[in-house]
file model_14.tsv (TSV, C-alpha atoms and all ligand atoms)
chain	number	residue	atom	x	y	z
A	1	MET	CA	9.76	36.01	-36.13
A	2	SER	CA	13.36	35.52	-34.97
A	3	CYS	CA	14.95	37.80	-32.42
A	4	ALA	CA	18.56	38.60	-31.47
A	5	ILE	CA	19.44	40.19	-28.14
A	6	VAL	CA	22.55	42.33	-27.64
A	7	PHE	CA	23.85	42.99	-24.15
A	8	CYS	CA	25.14	46.59	-24.28
A	9	GLU	CA	27.63	48.21	-21.97
A	10	ALA	CA	26.92	51.82	-21.16
A	11	GLY	CA	28.35	54.83	-19.39
A	12	PRO	CA	26.78	58.20	-18.63
A	13	GLU	CA	27.33	59.28	-22.25
A	14	GLY	CA	25.52	56.31	-23.70
A	15	MET	CA	26.09	52.80	-24.96
A	16	ILE	CA	29.67	52.19	-25.96
A	17	GLU	CA	30.74	52.09	-29.60
A	18	ALA	CA	31.71	48.39	-29.36
A	19	SER	CA	28.16	47.49	-28.28
A	20	LEU	CA	26.66	49.49	-31.14
A	21	ARG	CA	28.95	47.76	-33.61
A	22	THR	CA	27.87	44.43	-32.14
A	23	ALA	CA	24.26	45.47	-32.75
A	24	GLY	CA	25.20	46.01	-36.41
A	25	LEU	CA	26.23	42.39	-36.72
A	26	ALA	CA	23.26	41.12	-34.69
A	27	ARG	CA	20.76	42.95	-36.88
A	28	ARG	CA	21.68	40.76	-39.83
A	29	LEU	CA	21.02	37.59	-37.83
A	30	ALA	CA	17.38	37.95	-36.94
A	31	ASP	CA	14.16	39.77	-37.86
A	32	GLU	CA	14.03	41.70	-34.62
A	33	LEU	CA	16.89	43.36	-32.73
A	34	VAL	CA	16.55	43.87	-28.98
A	35	LEU	CA	19.17	45.84	-27.05
A	36	CYS	CA	19.50	45.52	-23.30
A	37	GLY	CA	21.80	46.59	-20.52
A	38	ARG	CA	22.08	47.82	-16.96
A	39	GLU	CA	21.71	51.41	-15.85
A	40	LEU	CA	21.12	52.69	-19.37
A	41	PRO	CA	21.23	56.49	-19.70
A	42	GLY	CA	18.46	58.46	-21.43
A	43	VAL	CA	20.39	58.77	-24.70
A	44	ALA	CA	20.37	54.96	-25.09
A	45	ALA	CA	16.85	55.01	-26.56
A	46	GLU	CA	17.94	57.24	-29.44
A	47	GLN	CA	21.08	55.15	-29.95
A	48	ALA	CA	18.93	52.01	-30.06
A	49	ARG	CA	16.61	53.64	-32.59
A	50	GLN	CA	19.53	54.63	-34.83
A	51	ALA	CA	20.89	51.09	-34.57
A	52	GLY	CA	17.61	49.67	-35.90
A	53	ALA	CA	16.41	48.10	-32.63
A	54	ARG	CA	12.68	47.90	-31.85
A	55	ARG	CA	13.07	47.27	-28.12
A	56	LEU	CA	15.38	48.51	-25.40
A	57	VAL	CA	15.29	46.50	-22.19
A	58	SER	CA	16.73	47.67	-18.91
A	59	LEU	CA	17.89	44.69	-16.84
A	60	ALA	CA	17.12	45.14	-13.15
A	61	VAL	CA	20.28	43.55	-11.77
A	62	PRO	CA	21.74	45.30	-8.73
A	63	GLY	CA	25.37	46.27	-9.23
A	64	TYR	CA	28.14	44.59	-11.17
A	65	ALA	CA	27.23	40.91	-10.93
A	66	PRO	CA	28.33	38.96	-14.03
A	67	ARG	CA	26.44	35.79	-13.16
A	68	GLY	CA	23.33	37.75	-12.23
A	69	ILE	CA	23.46	39.61	-15.55
A	70	ALA	CA	23.95	36.32	-17.39
A	71	ARG	CA	20.94	34.82	-15.57
A	72	ALA	CA	18.84	37.87	-16.47
A	73	LEU	CA	19.92	37.62	-20.12
A	74	TRP	CA	19.01	33.97	-20.22
A	75	GLN	CA	15.56	34.56	-18.76
A	76	LEU	CA	14.99	37.42	-21.20
A	77	ALA	CA	16.13	35.24	-24.12
A	78	GLU	CA	13.73	32.50	-23.02
A	79	ARG	CA	10.86	34.92	-22.69
A	80	LEU	CA	11.46	36.45	-26.15
A	81	GLY	CA	12.37	33.12	-27.76
A	82	ALA	CA	15.64	34.69	-28.96
A	83	SER	CA	17.73	32.72	-31.43
A	84	ALA	CA	20.95	34.56	-30.52
A	85	VAL	CA	22.48	36.53	-27.65
A	86	LEU	CA	25.48	38.72	-28.39
A	87	ALA	CA	27.84	41.07	-26.59
A	88	ALA	CA	30.90	43.06	-27.59
A	89	GLY	CA	34.15	41.12	-27.19
A	90	THR	CA	35.30	43.34	-24.33
A	91	ASP	CA	36.45	41.92	-20.99
A	92	HIS	CA	32.97	42.46	-19.57
A	93	GLY	CA	31.13	41.13	-22.64
A	94	ASN	CA	33.25	37.97	-22.74
A	95	GLU	CA	32.79	37.49	-19.02
A	96	ILE	CA	29.00	37.77	-19.19
A	97	LEU	CA	28.62	35.45	-22.15
A	98	ALA	CA	30.99	32.89	-20.65
A	99	HIS	CA	28.70	32.82	-17.58
A	100	LEU	CA	25.71	32.54	-19.89
A	101	GLY	CA	27.29	29.57	-21.66
A	102	ALA	CA	27.95	27.88	-18.32
A	103	LEU	CA	24.43	28.54	-16.99
A	104	SER	CA	22.67	27.37	-20.13
A	105	ASP	CA	25.03	24.63	-21.25
A	106	GLU	CA	25.20	26.21	-24.71
A	107	GLU	CA	28.44	26.81	-26.57
A	108	MET	CA	29.79	30.33	-26.64
A	109	VAL	CA	31.88	31.61	-29.57
A	110	ALA	CA	34.19	34.56	-28.90
A	111	ASN	CA	35.62	37.29	-31.14
A	112	CYS	CA	33.36	36.84	-34.17
A	113	LEU	CA	33.78	39.02	-37.24
A	114	ALA	CA	31.03	37.57	-39.38
A	115	VAL	CA	28.15	35.21	-38.74
A	116	GLU	CA	25.80	33.62	-41.26
A	117	ARG	CA	22.86	31.33	-40.78
A	118	ARG	CA	23.43	28.01	-42.47
A	119	GLY	CA	20.61	25.48	-42.19
A	120	GLU	CA	19.79	25.01	-38.52
A	121	GLY	CA	23.13	26.41	-37.41
A	122	TYR	CA	25.64	29.16	-38.11
A	123	VAL	CA	28.93	29.63	-39.91
A	124	VAL	CA	31.10	31.89	-37.80
A	125	THR	CA	34.32	33.64	-38.81
A	126	ARG	CA	36.28	34.56	-35.74
A	127	GLN	CA	39.61	36.04	-34.78
A	128	ARG	CA	42.24	33.90	-33.12
A	129	TRP	CA	45.67	34.86	-31.85
A	130	GLY	CA	45.06	38.57	-31.69
A	131	GLY	CA	43.64	38.73	-35.19
A	132	SER	CA	46.58	37.07	-36.95
A	133	LEU	CA	44.45	34.01	-37.75
A	134	LEU	CA	40.84	33.83	-38.94
A	135	GLU	CA	38.96	30.67	-38.11
A	136	GLU	CA	35.76	29.52	-39.79
A	137	ALA	CA	33.68	27.48	-37.37
A	138	HIS	CA	30.33	25.73	-37.67
A	139	LEU	CA	28.04	26.24	-34.73
A	140	GLU	CA	25.07	24.00	-34.05
A	141	ALA	CA	23.13	25.52	-31.21
A	142	ARG	CA	19.58	26.08	-30.08
A	143	ARG	CA	20.65	29.60	-29.28
A	144	ALA	CA	23.88	31.19	-30.53
A	145	LEU	CA	25.99	32.89	-27.85
A	146	LEU	CA	28.49	35.16	-29.53
A	147	THR	CA	30.92	37.91	-28.65
A	148	VAL	CA	32.02	40.19	-31.45
A	149	ALA	CA	35.47	41.57	-32.32
A	150	ALA	CA	33.71	44.89	-32.55
A	151	GLU	CA	36.69	46.88	-33.80
A	152	ALA	CA	36.51	44.86	-37.00
A	153	VAL	CA	32.80	45.29	-37.79
A	154	ALA	CA	30.88	48.35	-38.94
A	155	PRO	CA	28.60	50.21	-36.50
A	156	ALA	CA	24.87	49.65	-36.77
A	157	SER	CA	22.94	52.30	-38.58
A	158	SER	CA	19.37	51.92	-39.68
A	159	PRO	CA	18.32	53.69	-42.89
A	160	GLU	CA	14.78	54.13	-41.56
A	161	PRO	CA	14.88	54.18	-37.77
A	162	GLU	CA	11.57	53.43	-36.09
A	163	PRO	CA	10.41	54.20	-32.55
A	164	VAL	CA	11.86	52.03	-29.82
A	165	GLY	CA	9.80	50.48	-27.05
A	166	GLU	CA	11.48	50.86	-23.66
A	167	GLU	CA	10.85	48.37	-20.87
A	168	SER	CA	12.37	47.03	-17.71
A	169	PHE	CA	13.02	43.35	-17.04
A	170	GLU	CA	13.02	42.02	-13.49
A	171	PRO	CA	14.84	38.67	-13.48
A	172	SER	CA	14.41	36.05	-10.81
A	173	LEU	CA	17.88	35.79	-9.28
A	174	ASP	CA	19.46	33.36	-6.88
A	175	PRO	CA	21.51	34.89	-4.02
A	176	ALA	CA	24.53	33.03	-5.46
A	177	ASP	CA	24.10	35.03	-8.69
A	178	LEU	CA	25.06	38.15	-6.76
A	179	SER	CA	28.03	36.64	-4.92
A	180	VAL	CA	30.50	38.46	-7.20
A	181	THR	CA	29.91	42.19	-7.20
A	182	ALA	CA	32.10	45.26	-7.59
A	183	SER	CA	33.42	46.54	-4.28
A	184	GLU	CA	34.85	49.75	-5.65
A	185	GLN	CA	34.38	51.79	-8.79
A	186	ARG	CA	37.15	54.17	-9.62
A	187	GLU	CA	36.33	57.47	-11.21
A	188	GLN	CA	37.20	57.29	-14.88
A	189	ALA	CA	40.16	59.51	-15.67
A	190	ALA	CA	39.08	62.78	-17.18
A	191	GLY	CA	39.23	63.10	-20.94
A	192	VAL	CA	38.31	60.92	-23.87
A	193	SER	CA	38.02	57.17	-23.38
A	194	LEU	CA	40.66	55.20	-25.27
A	195	ALA	CA	38.24	52.61	-26.67
A	196	SER	CA	36.02	55.20	-28.33
A	197	ALA	CA	38.55	57.99	-29.09
A	198	ARG	CA	38.53	59.39	-32.63
A	199	VAL	CA	42.23	60.21	-32.29
A	200	VAL	CA	44.78	58.10	-30.39
A	201	VAL	CA	48.32	59.31	-29.86
A	202	SER	CA	50.35	56.29	-28.79
A	203	GLY	CA	53.87	56.07	-27.45
A	204	GLY	CA	56.25	53.11	-27.31
A	205	ARG	CA	59.71	52.37	-26.01
A	206	GLY	CA	61.08	55.00	-28.40
A	207	VAL	CA	59.54	57.71	-26.20
A	208	GLY	CA	62.46	57.03	-23.86
A	209	GLY	CA	60.80	57.27	-20.45
A	210	PRO	CA	57.76	58.53	-18.52
A	211	GLU	CA	58.77	62.16	-18.92
A	212	GLY	CA	58.63	61.79	-22.72
A	213	PHE	CA	54.84	61.41	-22.49
A	214	GLY	CA	54.29	65.06	-21.56
A	215	VAL	CA	54.38	66.15	-25.19
A	216	ILE	CA	52.29	63.15	-26.26
A	217	GLU	CA	49.60	64.18	-23.74
A	218	GLU	CA	49.69	67.72	-25.08
A	219	ILE	CA	49.25	66.57	-28.67
A	220	ALA	CA	46.45	64.17	-27.70
A	221	GLU	CA	44.65	66.96	-25.90
A	222	MET	CA	45.01	69.39	-28.80
A	223	LEU	CA	43.55	66.79	-31.16
A	224	GLY	CA	40.73	65.90	-28.75
A	225	GLY	CA	42.14	62.40	-28.45
A	226	ALA	CA	43.40	59.85	-25.94
A	227	VAL	CA	46.88	58.61	-25.05
A	228	GLY	CA	47.72	54.99	-25.86
A	229	VAL	CA	50.89	52.99	-25.22
A	230	SER	CA	52.63	49.76	-26.18
A	231	ARG	CA	53.03	46.91	-23.72
A	232	VAL	CA	56.70	47.64	-23.19
A	233	VAL	CA	55.67	51.01	-21.80
A	234	THR	CA	53.29	49.48	-19.25
A	235	SER	CA	55.73	46.68	-18.39
A	236	LEU	CA	58.41	49.28	-17.65
A	237	GLY	CA	55.93	51.09	-15.42
A	238	TRP	CA	56.06	54.29	-17.46
A	239	ARG	CA	52.27	54.40	-17.90
A	240	PRO	CA	49.26	52.51	-16.48
A	241	HIS	CA	48.01	49.31	-18.08
A	242	ARG	CA	44.61	50.84	-18.90
A	243	GLU	CA	46.34	52.82	-21.66
A	244	GLN	CA	47.79	49.75	-23.37
A	245	VAL	CA	46.70	49.17	-26.96
A	246	GLY	CA	46.90	45.69	-28.43
A	247	GLN	CA	46.05	42.06	-28.11
A	248	THR	CA	46.21	42.17	-24.35
A	249	GLY	CA	45.13	45.78	-24.08
A	250	THR	CA	42.37	47.92	-25.53
A	251	LYS	CA	41.30	47.57	-29.16
A	252	VAL	CA	40.90	51.01	-30.69
A	253	THR	CA	39.10	52.17	-33.85
A	254	PRO	CA	40.08	55.82	-34.27
A	255	GLU	CA	40.01	57.98	-37.36
A	256	LEU	CA	43.69	58.73	-36.70
A	257	TYR	CA	46.27	56.60	-34.91
A	258	LEU	CA	49.62	58.29	-34.34
A	259	ALA	CA	52.24	55.67	-33.41
A	260	CYS	CA	55.28	57.31	-31.84
A	261	GLY	CA	58.38	55.16	-31.32
A	262	ILE	CA	56.39	51.92	-31.66
A	263	SER	CA	57.93	49.10	-33.71
A	264	GLY	CA	54.58	47.59	-34.75
A	265	ALA	CA	54.68	44.09	-33.26
A	266	ILE	CA	51.75	41.91	-34.33
A	267	GLN	CA	50.37	42.00	-30.78
A	268	HIS	CA	50.32	45.80	-30.88
A	269	LEU	CA	48.78	45.97	-34.35
A	270	ALA	CA	46.03	43.61	-33.16
A	271	GLY	CA	44.70	46.54	-31.18
A	272	CYS	CA	44.98	49.34	-33.73
A	273	GLN	CA	44.79	47.78	-37.18
A	274	SER	CA	41.23	49.08	-37.65
A	275	ALA	CA	42.38	52.71	-37.44
A	276	LYS	CA	41.23	54.62	-40.49
A	277	THR	CA	44.55	56.40	-40.92
A	278	MET	CA	47.79	55.44	-39.24
A	279	VAL	CA	50.80	57.73	-39.01
A	280	ALA	CA	54.09	56.35	-37.69
A	281	ILE	CA	56.97	58.38	-36.33
A	282	ASN	CA	60.10	56.27	-36.04
A	283	THR	CA	63.83	56.52	-36.57
A	284	ASP	CA	63.85	53.14	-38.31
A	285	PRO	CA	62.44	53.11	-41.86
A	286	GLU	CA	62.40	49.30	-41.73
A	287	ALA	CA	60.27	49.05	-38.56
A	288	PRO	CA	57.31	46.67	-39.07
A	289	ILE	CA	54.84	49.47	-38.33
A	290	MET	CA	55.76	50.96	-41.72
A	291	SER	CA	53.97	48.15	-43.52
A	292	ARG	CA	50.67	49.24	-41.91
A	293	ALA	CA	51.22	52.99	-41.71
A	294	ASP	CA	49.52	55.24	-44.27
A	295	TYR	CA	52.06	58.01	-43.60
A	296	ALA	CA	55.45	57.89	-41.93
A	297	VAL	CA	57.83	60.44	-40.51
A	298	ILE	CA	61.35	59.02	-40.31
A	299	GLY	CA	62.89	60.96	-37.50
A	300	ASP	CA	63.68	61.31	-33.82
A	301	LEU	CA	60.68	61.86	-31.53
A	302	ALA	CA	62.69	64.38	-29.57
A	303	GLU	CA	62.62	66.63	-32.64
A	304	VAL	CA	59.41	65.64	-34.39
A	305	LEU	CA	56.96	65.73	-31.46
A	306	PRO	CA	57.77	69.24	-30.17
A	307	ALA	CA	57.63	70.53	-33.76
A	308	LEU	CA	54.24	68.86	-34.24
A	309	ARG	CA	52.94	70.25	-30.94
A	310	ASP	CA	54.07	73.78	-31.84
A	311	ALA	CA	52.52	73.56	-35.31
A	312	LEU	CA	49.21	72.35	-33.85
A	313	ALA	CA	49.25	75.07	-31.19
A	314	GLU	CA	49.87	77.68	-33.87
A	315	ARG	CA	47.00	76.38	-35.97
A	316	LEU	CA	44.65	76.35	-32.95
A	317	ARG	CA	45.65	79.93	-32.11
A	318	ARG	CA	44.73	81.05	-35.62
A	319	GLN	CA	41.30	79.36	-35.57
A	401	LIG	C1	51.28	37.23	-25.62
A	401	LIG	C2	51.76	38.62	-25.90
A	401	LIG	C3	50.85	39.65	-25.85
A	401	LIG	C4	51.28	40.96	-26.13
A	401	LIG	N1	50.35	41.97	-26.09
A	401	LIG	C5	50.75	43.22	-26.47
A	401	LIG	C6	49.81	44.29	-26.51
A	401	LIG	O1	48.63	44.16	-26.20
A	401	LIG	N2	50.27	45.51	-26.89
A	401	LIG	C7	51.58	45.74	-27.25
A	401	LIG	O2	51.93	46.89	-27.57
A	401	LIG	N3	52.47	44.75	-27.18
A	401	LIG	C8	52.10	43.51	-26.79
A	401	LIG	N4	53.04	42.52	-26.72
A	401	LIG	C9	54.46	42.90	-26.85
A	401	LIG	C10	54.91	43.06	-28.31
A	401	LIG	O3	55.32	41.81	-28.80
A	401	LIG	C11	56.11	44.03	-28.38
A	401	LIG	O4	57.13	43.58	-27.54
A	401	LIG	C12	55.76	45.47	-28.01
A	401	LIG	O5	54.60	45.91	-28.68
A	401	LIG	C13	56.93	46.36	-28.40
A	401	LIG	O6	56.72	47.66	-27.90
A	401	LIG	P1	57.41	48.91	-28.59
A	401	LIG	O7	57.03	48.95	-30.03
A	401	LIG	O8	57.10	50.08	-27.74
A	401	LIG	O9	58.94	48.62	-28.38
A	401	LIG	P2	60.06	48.18	-29.41
A	401	LIG	O10	59.67	46.97	-30.16
A	401	LIG	O11	61.32	48.13	-28.64
A	401	LIG	O12	60.12	49.36	-30.47
A	401	LIG	C14	60.55	50.66	-30.19
A	401	LIG	C15	60.55	51.45	-31.48
A	401	LIG	O13	60.90	52.78	-31.22
A	401	LIG	C16	61.77	53.25	-32.25
A	401	LIG	N5	62.57	54.33	-31.66
A	401	LIG	C17	63.54	54.24	-30.71
A	401	LIG	N6	64.00	55.45	-30.36
A	401	LIG	C18	63.30	56.35	-31.12
A	401	LIG	C19	63.31	57.77	-31.20
A	401	LIG	N7	64.12	58.52	-30.45
A	401	LIG	N8	62.44	58.35	-32.09
A	401	LIG	C20	61.61	57.62	-32.86
A	401	LIG	N9	61.57	56.27	-32.81
A	401	LIG	C21	62.39	55.63	-31.94
A	401	LIG	C22	62.58	52.04	-32.66
A	401	LIG	O14	63.08	52.17	-33.96
A	401	LIG	C23	61.54	50.93	-32.53
A	401	LIG	O15	60.87	50.73	-33.77
A	401	LIG	C24	52.64	41.22	-26.44
A	401	LIG	C25	53.54	40.15	-26.49
A	401	LIG	C26	53.11	38.87	-26.23
A	401	LIG	C27	54.10	37.75	-26.31
call {"tool": "encode", "arguments": {"input": "model_14.tsv", "output": "structure tokens", "more": "lines below"}}
Ligand SMILES: Cc1cc2nc3c(=O)[nH]c(=O)nc-3n(C[C@H](O)[C@H](O)[C@H](O)COP(=O)(O)OP(=O)(O)OC[C@H]3O[C@@H](n4cnc5c(N)ncnc54)[C@H](O)[C@@H]3O)c2cc1C
result
Amino acid sequence: MSCAIVFCEAGPEGMIEASLRTAGLARRLADELVLCGRELPGVAAEQARQAGARRLVSLAVPGYAPRGIARALWQLAERLGASAVLAAGTDHGNEILAHLGALSDEEMVANCLAVERRGEGYVVTRQRWGGSLLEEAHLEARRALLTVAAEAVAPASSPEPEPVGEESFEPSLDPADLSVTASEQREQAAGVSLASARVVVSGGRGVGGPEGFGVIEEIAEMLGGAVGVSRVVTSLGWRPHREQVGQTGTKVTPELYLACGISGAIQHLAGCQSAKTMVAINTDPEAPIMSRADYAVIGDLAEVLPALRDALAERLRRQ
């Protein structure tokens, strides 16, 4: 029986959406799906069950130690005879699997959208250049090491979830495996995380300056969403880099993406093209974002955003 292991990232509220989407792709690769991670919260078992996993393994690796986690994953994969090890194509997922590739001397393929078994190997479709190019690659490997462009694949959901066995795995680590650890963990800013937000209200250069984000924050809060920005906004120092959406920022998969004063450069769209519905507010009807937007408001943010905020506030008052 073949087995695929997914390394899942988790916070106090559970495993992140990108990891669950990765599990969706992994499930089609092997007979058995095993999810694992560090410091998994209680809700992870139910998430694993819904994703169709039969086992949930807690890796006993102290602290943030990418090489230590990679070593643990490798030992787990050896023990289970896994044919594939996957992680979401986040910074952390790519980092762990790159270490795993180096430790095991196996090739690692990043940003996969689709993977199929072909003979003894795999045919892998993967994103290059921020999603503007799709590459089909043939992978011959004893064990496939893959990260997944999770924003572009559907989340795992099992039609008939079965009970999940929970266990802990104690790897045998070298002191050098723990040489890189986190020295400080900042408290996550309050509110909804950008990567998993169902609504993202994003501002670009058209917002005009840091003070223009006040109304964007208000709208995001009223919609239960998160604030996103274009790279110009972070480069100008108007907002922190962690809010950047795009090729070199966070990839988002919201139900609604509201792009305010954003032109729609390919590098920006690389981070938000999987939004279910995109609404653009822009003075320029010819802006590239219009070719992706489902709805557009051609107008000045200085007029449109306060009107939108007031309309939302009125609707919330009436509810
Ligand atoms: C390697 C590389 C990686 C990159 N990675 C990213 C990335 O991850 N994310 C990202 O965003 N960019 C990224 N970029 C930058 C990207 O190419 C664009 O430069 C950037 O996205 C443009 O930001 P913008 O849309 O805010 O600004 P602009 O392109 O200047 O657009 C501003 C828009 O606001 C509109 N506007 C102006 N005033 C108003 C107003 N009052 N009301 C309404 N609309 C108004 C304008 O019509 C215009 O469409 C990357 C570039 C490179 C080369």
call {"tool": "axis_aligned_box", "arguments": {"input": "model_14.tsv", "around": "ligand LIG 401 (chain A)", "padding_each_side": "6 Å", "output": "lines of an AutoDock Vina configuration file"}}
result
center_x = 56.4
center_y = 47.9
center_z = -29.8
size_x = 27.5
size_y = 33.3
size_z = 20.3
call {"tool": "residues_near_point", "arguments": {"input": "model_14.tsv", "point": "(44.7, 66.8, -30.9)", "cutoff": "9 Å", "atoms": "all atoms listed in the file", "output": "PyMOL selection string"}}
result
chain A and resi 199-201+218-226+309+312
call {"tool": "atom_distance", "arguments": {"input": "model_14.tsv", "atom1": "CA of Arg49 in chain A", "atom2": "CA of Arg143 in chain A"}}
result
24.6 Å
call {"tool": "closest_residue", "arguments": {"input": "model_14.tsv", "among": "A:Gly206, A:Gly24, A:Gly63, A:Gly237", "to": "Asp284 in chain A", "atoms": "only C-alpha atoms"}}
result
A:Gly206
call {"tool": "residues_around", "arguments": {"input": "model_14.tsv", "residues": "Ala65 in chain A", "least_positions_apart": "4", "cutoff": "12 Å", "atoms": "all atoms listed in the file", "output": "MDAnalysis selection string"}}
result
chainID A and resid 38 59:61 69:72 92 95:96 99 173:183
call {"tool": "write_last_selection", "arguments": {"input": "model_14.tsv", "atoms": "C-alpha atoms", "output": "compact mmCIF listing (two decimals), in the coordinates of the input"}}
result
# COMPACT_ATOMS: atom_id res chain seq x y z
CA ARG A 38 22.08 47.82 -16.96
CA LEU A 59 17.89 44.69 -16.84
CA ALA A 60 17.12 45.14 -13.15
CA VAL A 61 20.28 43.55 -11.77
CA ILE A 69 23.46 39.61 -15.55
CA ALA A 70 23.95 36.32 -17.39
CA ARG A 71 20.94 34.82 -15.57
CA ALA A 72 18.84 37.87 -16.47
CA HIS A 92 32.97 42.46 -19.57
CA GLU A 95 32.79 37.49 -19.02
CA ILE A 96 29.00 37.77 -19.19
CA HIS A 99 28.70 32.82 -17.58
CA LEU A 173 17.88 35.79 -9.28
CA ASP A 174 19.46 33.36 -6.88
CA PRO A 175 21.51 34.89 -4.02
CA ALA A 176 24.53 33.03 -5.46
CA ASP A 177 24.10 35.03 -8.69
CA LEU A 178 25.06 38.15 -6.76
CA SER A 179 28.03 36.64 -4.92
CA VAL A 180 30.50 38.46 -7.20
CA THR A 181 29.91 42.19 -7.20
CA ALA A 182 32.10 45.26 -7.59
CA SER A 183 33.42 46.54 -4.28
call {"tool": "residues_around", "arguments": {"input": "model_14.tsv", "residues": "range 288-290 of chain A", "least_positions_apart": "5", "cutoff": "9 Å", "atoms": "only C-alpha atoms", "output": "PDB file with C-alpha atoms, keeping the file's coordinate frame"}}
result
ATOM      1  CA  ALA A 259      52.240  55.670 -33.410  1.00  0.00           C
ATOM      2  CA  ILE A 262      56.390  51.920 -31.660  1.00  0.00           C
ATOM      3  CA  SER A 263      57.930  49.100 -33.710  1.00  0.00           C
ATOM      4  CA  GLY A 264      54.580  47.590 -34.750  1.00  0.00           C
ATOM      5  CA  ALA A 265      54.680  44.090 -33.260  1.00  0.00           C
ATOM      6  CA  ILE A 266      51.750  41.910 -34.330  1.00  0.00           C
ATOM      7  CA  LEU A 269      48.780  45.970 -34.350  1.00  0.00           C
ATOM      8  CA  VAL A 279      50.800  57.730 -39.010  1.00  0.00           C
ATOM      9  CA  ALA A 280      54.090  56.350 -37.690  1.00  0.00           C
ATOM     10  CA  ASN A 282      60.100  56.270 -36.040  1.00  0.00           C
ATOM     11  CA  TYR A 295      52.060  58.010 -43.600  1.00  0.00           C
ATOM     12  CA  ALA A 296      55.450  57.890 -41.930  1.00  0.00           C
TER      13      ALA A 296
END
call {"tool": "closest_atom_pairs", "arguments": {"input": "model_14.tsv", "of": "chain A", "to": "ligand LIG 401 (chain A)", "cutoff": "7 Å", "atoms": "only C-alpha atoms and all ligand atoms", "output": "Markdown table"}}
result
| residue | atom | partner | partner_atom | distance |
| --- | --- | --- | --- | --- |
| A:Gly203 | CA | A:LIG401 | O8 | 6.8 |
| A:Gly204 | CA | A:LIG401 | O8 | 3.2 |
| A:Arg205 | CA | A:LIG401 | O8 | 3.9 |
| A:Gly206 | CA | A:LIG401 | C17 | 3.5 |
| A:Val207 | CA | A:LIG401 | C19 | 6.3 |
| A:Gly208 | CA | A:LIG401 | N6 | 6.9 |
| A:Val229 | CA | A:LIG401 | O2 | 6.6 |
| A:Ser230 | CA | A:LIG401 | O2 | 3.3 |
| A:Arg231 | CA | A:LIG401 | C7 | 4.0 |
| A:Val232 | CA | A:LIG401 | O6 | 4.7 |
| A:Val233 | CA | A:LIG401 | O8 | 6.2 |
| A:Gln244 | CA | A:LIG401 | N2 | 6.0 |
| A:Val245 | CA | A:LIG401 | N2 | 5.1 |
| A:Gly246 | CA | A:LIG401 | O1 | 3.2 |
| A:Gln247 | CA | A:LIG401 | O1 | 3.8 |
| A:Thr248 | CA | A:LIG401 | O1 | 3.6 |
| A:Gly249 | CA | A:LIG401 | O1 | 4.4 |
| A:Cys260 | CA | A:LIG401 | C20 | 6.4 |
| A:Gly261 | CA | A:LIG401 | O13 | 3.5 |
| A:Ile262 | CA | A:LIG401 | O7 | 3.4 |
| A:Ser263 | CA | A:LIG401 | O15 | 3.4 |
| A:Gly264 | CA | A:LIG401 | O7 | 5.5 |
| A:Ala265 | CA | A:LIG401 | O5 | 4.9 |
| A:Ile266 | CA | A:LIG401 | O3 | 6.6 |
| A:Gln267 | CA | A:LIG401 | C5 | 4.5 |
| A:His268 | CA | A:LIG401 | O2 | 3.8 |
| A:Gly271 | CA | A:LIG401 | O1 | 6.8 |
| A:Ile281 | CA | A:LIG401 | C20 | 5.8 |
| A:Asn282 | CA | A:LIG401 | N9 | 3.5 |
| A:Thr283 | CA | A:LIG401 | N9 | 4.4 |
| A:Asp284 | CA | A:LIG401 | O14 | 4.5 |
| A:Ala287 | CA | A:LIG401 | O15 | 5.1 |
| A:Gly299 | CA | A:LIG401 | C20 | 5.9 |
| A:Asp300 | CA | A:LIG401 | N8 | 3.6 |
| A:Leu301 | CA | A:LIG401 | N8 | 4.0 |
| A:Ala302 | CA | A:LIG401 | N7 | 6.1 |
call {"tool": "atom_distance", "arguments": {"input": "model_14.tsv", "atom1": "CA of Ala51 in chain A", "atom2": "CA of Pro161 in chain A"}}
result
7.5 Å
call {"tool": "atom_distance", "arguments": {"input": "model_14.tsv", "atom1": "CA of Arg126 in chain A", "atom2": "CA of Asn94 in chain A"}}
result
13.8 Å
call {"tool": "closest_residue", "arguments": {"input": "model_14.tsv", "among": "A:Arg292, A:Arg317, A:Ala18, A:Leu33", "to": "Ser158 in chain A", "atoms": "only C-alpha atoms"}}
result
A:Leu33
call {"tool": "closest_residue", "arguments": {"input": "model_14.tsv", "among": "A:Arg315, A:Arg54, A:Arg67, A:His138", "to": "Leu97 in chain A", "atoms": "only C-alpha atoms"}}
result
A:Arg67
call {"tool": "residues_around", "arguments": {"input": "model_14.tsv", "residues": "range 9-16 of chain A", "least_positions_apart": "6", "cutoff": "7 Å", "atoms": "all atoms listed in the file", "output": "list in words"}}
result
Gly37, Leu40, Pro41, Val43 and Ala44 of chain A
call {"tool": "write_last_selection", "arguments": {"input": "model_14.tsv", "atoms": "C-alpha atoms", "output": "compact mmCIF listing (two decimals), keeping the file's coordinate frame"}}
result
# COMPACT_ATOMS: atom_id res chain seq x y z
CA GLY A 37 21.80 46.59 -20.52
CA LEU A 40 21.12 52.69 -19.37
CA PRO A 41 21.23 56.49 -19.70
CA VAL A 43 20.39 58.77 -24.70
CA ALA A 44 20.37 54.96 -25.09
call {"tool": "residues_around", "arguments": {"input": "model_14.tsv", "residues": "range 193-197 of chain A", "least_positions_apart": "6", "cutoff": "8 Å", "atoms": "all atoms listed in the file", "output": "PyMOL selection string"}}
result
chain A and resi 16-17+225-228+243+250-254
call {"tool": "closest_residue", "arguments": {"input": "model_14.tsv", "among": "A:Leu139, A:Cys112, A:Val34, A:Cys3", "to": "Gly81 in chain A", "atoms": "all atoms listed in the file"}}
result
A:Cys3
